[in-house]
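Engineer: Below is the file coords_7.cif, with mmCIF, C-alpha atoms.
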```
data_target
#
loop_
_atom_site.label_atom_id
_atom_site.label_comp_id
_atom_site.auth_asym_id
_atom_site.auth_seq_id
_atom_site.Cartn_x
_atom_site.Cartn_y
_atom_site.Cartn_z
CA ASP V 699 23.74 140.73 29.51
CA GLY V 700 22.87 140.16 25.87
CA GLY V 701 22.04 143.19 23.79
CA ILE V 702 23.11 145.94 21.46
CA THR V 703 25.46 148.67 22.57
CA GLN V 704 25.74 151.97 20.75
CA SER V 705 28.41 154.51 21.54
CA PRO V 706 28.79 157.30 22.15
CA LYS V 707 25.40 158.43 23.41
CA TYR V 708 26.06 162.01 22.26
CA LEU V 709 28.39 163.08 19.47
CA PHE V 710 29.28 166.50 18.13
CA ARG V 711 30.68 167.00 14.66
CA LYS V 712 32.32 170.03 13.16
CA GLU V 713 31.65 170.99 9.58
CA GLY V 714 33.75 168.92 7.18
CA GLN V 715 34.56 166.17 9.67
CA ASN V 716 33.90 162.47 9.36
CA VAL V 717 32.63 160.76 12.49
CA THR V 718 32.06 157.08 13.27
CA LEU V 719 29.21 155.69 15.35
CA SER V 720 29.78 152.35 17.02
CA CYS V 721 27.30 149.46 17.19
CA GLU V 722 28.17 146.16 18.89
CA GLN V 723 25.89 143.19 19.57
CA ASN V 724 26.45 139.99 21.53
CA LEU V 725 23.22 138.30 20.44
CA ASN V 726 24.90 136.27 17.69
CA HIS V 727 22.58 137.90 15.15
CA ASP V 728 23.41 137.75 11.46
CA ALA V 729 21.55 140.87 10.35
CA MET V 730 22.33 144.39 11.50
CA TYR V 731 20.77 147.73 10.54
CA TRP V 732 21.31 151.46 10.82
CA TYR V 733 18.36 153.85 10.97
CA ARG V 734 18.09 157.60 11.16
CA GLN V 735 15.28 159.25 13.11
CA ASP V 736 14.26 162.89 12.64
CA PRO V 737 11.47 164.69 14.53
CA GLY V 738 8.08 164.08 12.96
CA GLN V 739 9.43 161.42 10.59
CA GLY V 740 9.53 157.67 10.77
CA LEU V 741 12.74 155.71 11.00
CA ARG V 742 14.59 155.69 7.69
CA LEU V 743 16.97 152.91 6.73
CA ILE V 744 20.56 153.96 5.98
CA TYR V 745 22.34 150.60 5.51
CA TYR V 746 21.80 147.00 6.45
CA SER V 747 23.93 143.89 6.49
CA GLN V 748 22.69 140.31 6.42
CA ILE V 749 26.07 138.66 6.76
CA VAL V 750 29.70 139.48 7.46
CA ASN V 751 31.50 141.31 4.65
CA ASP V 752 28.24 142.16 2.89
CA PHE V 753 25.93 145.15 3.19
CA GLN V 754 23.27 146.94 1.16
CA LYS V 755 22.20 150.54 0.84
CA GLY V 756 18.93 151.60 2.33
CA ASP V 757 16.74 154.52 1.37
CA ILE V 758 19.10 157.30 2.50
CA ALA V 759 22.65 155.93 2.12
CA GLU V 760 24.17 159.03 0.51
CA GLY V 761 26.83 160.59 2.75
CA TYR V 762 27.17 157.48 4.91
CA SER V 763 29.44 154.42 4.85
CA VAL V 764 29.55 151.17 6.79
CA SER V 765 31.69 148.07 7.23
CA ARG V 766 30.93 144.59 8.51
CA GLU V 767 34.23 142.88 9.21
CA LYS V 768 32.95 141.03 12.28
CA LYS V 769 29.57 139.55 13.04
CA GLU V 770 29.33 141.54 16.27
CA SER V 771 30.15 144.97 14.88
CA PHE V 772 28.54 147.30 12.33
CA PRO V 773 30.05 150.80 12.55
CA LEU V 774 28.53 153.72 10.68
CA THR V 775 30.63 156.60 9.37
CA VAL V 776 28.92 159.90 8.73
CA THR V 777 31.04 161.60 6.10
CA SER V 778 31.41 165.28 5.26
CA ALA V 779 29.25 164.60 2.20
CA GLN V 780 26.20 164.21 4.44
CA LYS V 781 24.86 167.76 4.43
CA ASN V 782 22.34 167.46 7.23
CA PRO V 783 23.66 164.88 9.69
CA THR V 784 22.03 166.19 12.86
CA ALA V 785 19.69 163.37 13.91
CA PHE V 786 19.17 160.43 16.24
CA TYR V 787 20.84 157.27 14.93
CA LEU V 788 19.61 153.81 15.87
CA CYS V 789 21.27 150.46 15.33
CA ALA V 790 19.32 147.19 15.29
CA SER V 791 19.92 143.49 14.83
CA SER V 792 17.95 140.32 14.22
CA SER V 793 18.75 136.68 13.67
CA ASP V 794 16.53 136.08 10.66
CA THR V 795 13.36 137.28 9.00
CA ASN V 796 11.07 135.46 11.42
CA THR V 797 12.43 136.81 14.68
CA GLU V 798 12.29 140.01 16.64
CA ALA V 799 14.54 142.94 15.91
CA PHE V 800 16.34 144.50 18.85
CA PHE V 801 17.53 148.08 19.04
CA GLY V 802 20.32 149.92 20.78
CA GLN V 803 19.80 153.06 22.85
CA GLY V 804 20.82 155.39 20.04
CA THR V 805 23.41 158.06 19.34
CA ARG V 806 22.42 161.68 19.03
CA LEU V 807 24.65 163.45 16.53
CA THR V 808 24.78 167.23 16.42
CA VAL V 809 26.70 169.43 13.98
CA VAL V 810 28.38 172.39 15.68
CA LYS S 1137 7.26 150.46 -1.87
CA GLN S 1138 5.68 149.58 1.46
CA GLU S 1139 3.92 152.50 3.17
CA VAL S 1140 3.08 152.24 6.86
CA THR S 1141 0.64 154.63 8.52
CA GLN S 1142 -0.22 155.04 12.17
CA ILE S 1143 -3.35 156.81 13.36
CA PRO S 1144 -3.77 158.79 15.50
CA ALA S 1145 -0.46 160.65 15.64
CA ALA S 1146 -1.14 161.58 19.25
CA LEU S 1147 -3.53 160.33 21.89
CA SER S 1148 -4.26 161.48 25.43
CA VAL S 1149 -6.35 159.34 27.80
CA PRO S 1150 -7.12 159.26 31.53
CA GLU S 1151 -5.52 156.53 33.59
CA GLY S 1152 -7.42 153.26 33.60
CA GLU S 1153 -8.90 153.54 30.13
CA ASN S 1154 -8.54 150.84 27.52
CA LEU S 1155 -7.21 152.10 24.21
CA VAL S 1156 -6.43 151.00 20.66
CA LEU S 1157 -3.58 152.12 18.43
CA ASN S 1158 -3.82 151.54 14.70
CA CYS S 1159 -1.26 150.59 12.07
CA SER S 1160 -1.99 150.13 8.36
CA PHE S 1161 0.31 149.01 5.55
CA THR S 1162 -0.09 149.01 1.79
CA ASP S 1163 1.51 145.71 0.75
CA SER S 1164 0.18 142.56 2.39
CA ALA S 1165 3.22 140.46 1.39
CA ILE S 1166 4.90 140.65 4.77
CA TYR S 1167 6.84 138.21 6.94
CA ASN S 1168 5.76 139.72 10.24
CA LEU S 1169 4.78 142.89 12.07
CA GLN S 1170 6.40 144.16 15.23
CA TRP S 1171 5.21 146.73 17.76
CA PHE S 1172 7.75 148.85 19.62
CA ARG S 1173 7.73 151.41 22.39
CA GLN S 1174 10.05 154.41 22.40
CA ASP S 1175 10.60 156.68 25.39
CA PRO S 1176 11.94 160.20 24.74
CA GLY S 1177 15.61 160.15 23.70
CA LYS S 1178 15.80 156.36 23.96
CA GLY S 1179 15.99 153.41 21.62
CA LEU S 1180 13.11 151.14 20.68
CA THR S 1181 11.86 148.42 22.99
CA SER S 1182 10.15 145.45 21.37
CA LEU S 1183 6.63 144.80 22.67
CA LEU S 1184 5.11 142.14 20.42
CA LEU S 1185 5.95 140.29 17.22
CA ILE S 1186 3.17 138.82 15.07
CA GLN S 1187 4.08 136.42 12.28
CA SER S 1188 2.17 136.72 9.00
CA SER S 1189 0.38 133.43 9.74
CA GLN S 1190 -0.85 134.60 13.15
CA ARG S 1191 -3.92 136.62 14.02
CA GLU S 1192 -2.87 137.98 17.40
CA GLN S 1193 -0.29 138.01 20.18
CA THR S 1194 -0.68 138.88 23.83
CA SER S 1195 1.75 140.01 26.50
CA GLY S 1196 0.35 141.13 29.83
CA ARG S 1197 -1.96 144.11 29.26
CA LEU S 1198 -1.02 144.29 25.58
CA ASN S 1199 -2.76 142.53 22.72
CA ALA S 1200 -1.79 142.97 19.09
CA SER S 1201 -3.87 141.75 16.17
CA LEU S 1202 -3.02 141.36 12.52
CA ASP S 1203 -5.32 141.27 9.49
CA LYS S 1204 -2.86 140.80 6.66
CA SER S 1205 -5.43 140.78 3.88
CA SER S 1206 -6.71 144.23 4.81
CA GLY S 1207 -3.27 145.55 5.71
CA ARG S 1208 -4.10 146.42 9.32
CA SER S 1209 -2.82 145.81 12.81
CA THR S 1210 -4.04 147.10 16.14
CA LEU S 1211 -2.36 147.34 19.52
CA TYR S 1212 -4.80 147.14 22.41
CA ILE S 1213 -3.64 148.41 25.80
CA ALA S 1214 -5.85 147.47 28.74
CA ALA S 1215 -6.18 149.51 31.92
CA SER S 1216 -3.70 152.18 30.84
CA GLN S 1217 -1.18 153.55 33.35
CA PRO S 1218 0.94 156.74 33.38
CA GLY S 1219 3.98 154.54 32.78
CA ASP S 1220 2.53 153.56 29.42
CA SER S 1221 3.15 157.11 28.18
CA ALA S 1222 5.53 156.82 25.24
CA THR S 1223 5.58 156.72 21.45
CA TYR S 1224 4.40 153.44 19.94
CA LEU S 1225 5.76 152.37 16.57
CA CYS S 1226 4.79 149.53 14.28
CA ALA S 1227 7.12 148.00 11.71
CA VAL S 1228 6.43 145.49 8.94
CA ARG S 1229 9.04 143.16 7.55
CA ARG S 1230 9.18 142.24 3.89
CA THR S 1231 11.53 140.45 1.56
CA GLY S 1232 15.13 141.53 1.72
CA ASN S 1233 15.03 141.50 5.50
CA GLN S 1234 14.04 145.16 5.67
CA PHE S 1235 11.71 146.81 8.14
CA TYR S 1236 9.31 149.59 7.22
CA PHE S 1237 8.24 151.83 10.08
CA GLY S 1238 5.23 153.99 10.72
CA THR S 1239 5.69 157.49 12.16
CA GLY S 1240 4.29 156.42 15.52
CA THR S 1241 1.53 157.32 17.94
CA SER S 1242 2.49 159.48 20.90
CA LEU S 1243 0.49 158.30 23.93
CA THR S 1244 -0.04 160.31 27.10
CA VAL S 1245 -1.83 158.68 30.03
CA ILE S 1246 -3.06 161.29 32.49
CA PRO S 1247 -3.02 160.31 36.20
#
```
Take the structure I supplied and represent it as structure tokens, if you would.
Structural biologist:
Amino acid sequence: DGGITQSPKYLFRKEGQNVTLSCEQNLNHDAMYWYRQDPGQGLRLIYYSQIVNDFQKGDIAEGYSVSREKKESFPLTVTSAQKNPTAFYLCASSSDTNTEAFFGQGTRLTVV
Amino acid sequence: KQEVTQIPAALSVPEGENLVLNCSFTDSAIYNLQWFRQDPGKGLTSLLLIQSSQREQTSGRLNASLDKSSGRSTLYIAASQPGDSATYLCAVRRTGNQFYFGTGTSLTVIP
């Protein structure tokens, strides 16, 4: 089945820890995105990548880092510098500007 | 910066009713607009994509329209069913390959 896989579904982070969220797609899409969703707010863009080995900051990139070493993979690291990381994180991909974006099932991150 | 607004924030209707969800955006220079559905705790499911040159798209009981000049889109759901209960999000796509999302409309269809 073609699609986007995010893992894990639930993730717990202790104060001061870095954690990495996985996003893999087998749709052969060039562009990949990371969004954060908080209750009562719209999706906010963290980072996006239009091609391998290149990525751009979104509106709320502080405290996050990404890499794009392979077309299929776009992992997101939530660093200890992110002061309020508890949220629902969504990964998406698309082939170009004229086509649909597809989303994964999300990772819920909680600070304990 | 592109601002996307969805009204109403919540809507409750009896089963069988036809309904309209609204999406407005401030900058008409868009590539396309996409409607999504989100069930609680889940990711987004794509419903319809309308290119900037199109006026409407249809899929089953869903019809989405786009008036780019006025910065508006509507999602029409015919003969609503309890299974349609979810949050509906619209997103516009501009230069730079970015999406801008509205905050969504939470729909409840009462059996």
Engineer: I'd like to know which of S:Thr1241, S:Asn1233, S:Gln1217, S:Ser1189 is closest to chain V, using all atoms listed in the file.
Structural biologist: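 Answer, going by the shortest atom-to-atom distance: S:Asn1233.
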Engineer: S:Pro1150, S:Pro1247, S:Gly1177, S:Gly1196: which is nearest chain V, counting all atoms listed in the file?
Structural biologist: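 Closest residue, counting all atoms listed in the file: S:Gly1177.
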Engineer: Using all atoms listed in the file, which protein or nucleic acid residues come within 6 Å of Tyr1224 (chain S)? Drop anything in the same chain fewer than 5 positions from it, and give the result as an MDAnalysis selection string.
Structural biologist: chainID S and resid 1172:1173 1240:1241
Engineer: Determine the residue membership of the PyMOL selection byres ((chain V) within 7 of (chain S)) for the file above and supply it as a list in words.
Structural biologist: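 Applied to this file, the PyMOL selection byres ((chain V) within 7 of (chain S)) selects Gln739, Gly740, Leu741, Leu788, Thr795, Asn796, Glu798, Phe800, Phe801, Gly802, Gln803 and Gly804 of chain V.
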Engineer: Nearest residue to Phe786 (chain V) out of V:Thr805, V:Asn751, V:Ser763, V:Ser771, using only C-alpha atoms?
Structural biologist: V:Thr805
Engineer: So, counting all atoms listed in the file, which residue among V:Glu722, V:Leu774, V:Ala779, V:Tyr746 is closest to Glu760 (chain V)?
Structural biologist: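 The shortest atom-to-atom distance to Glu760 (chain V) comes from V:Ala779.
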Engineer: Written as a list in words, which residues does the PyMOL selection byres ((chain V and resi 705) around 7) give for the file shown?
Structural biologist: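 What the PyMOL selection byres ((chain V and resi 705) around 7) grabs from the file is Thr703, Gln704, Pro706, Lys707, Leu719, Ser720, Cys721 and Thr805 of chain V.
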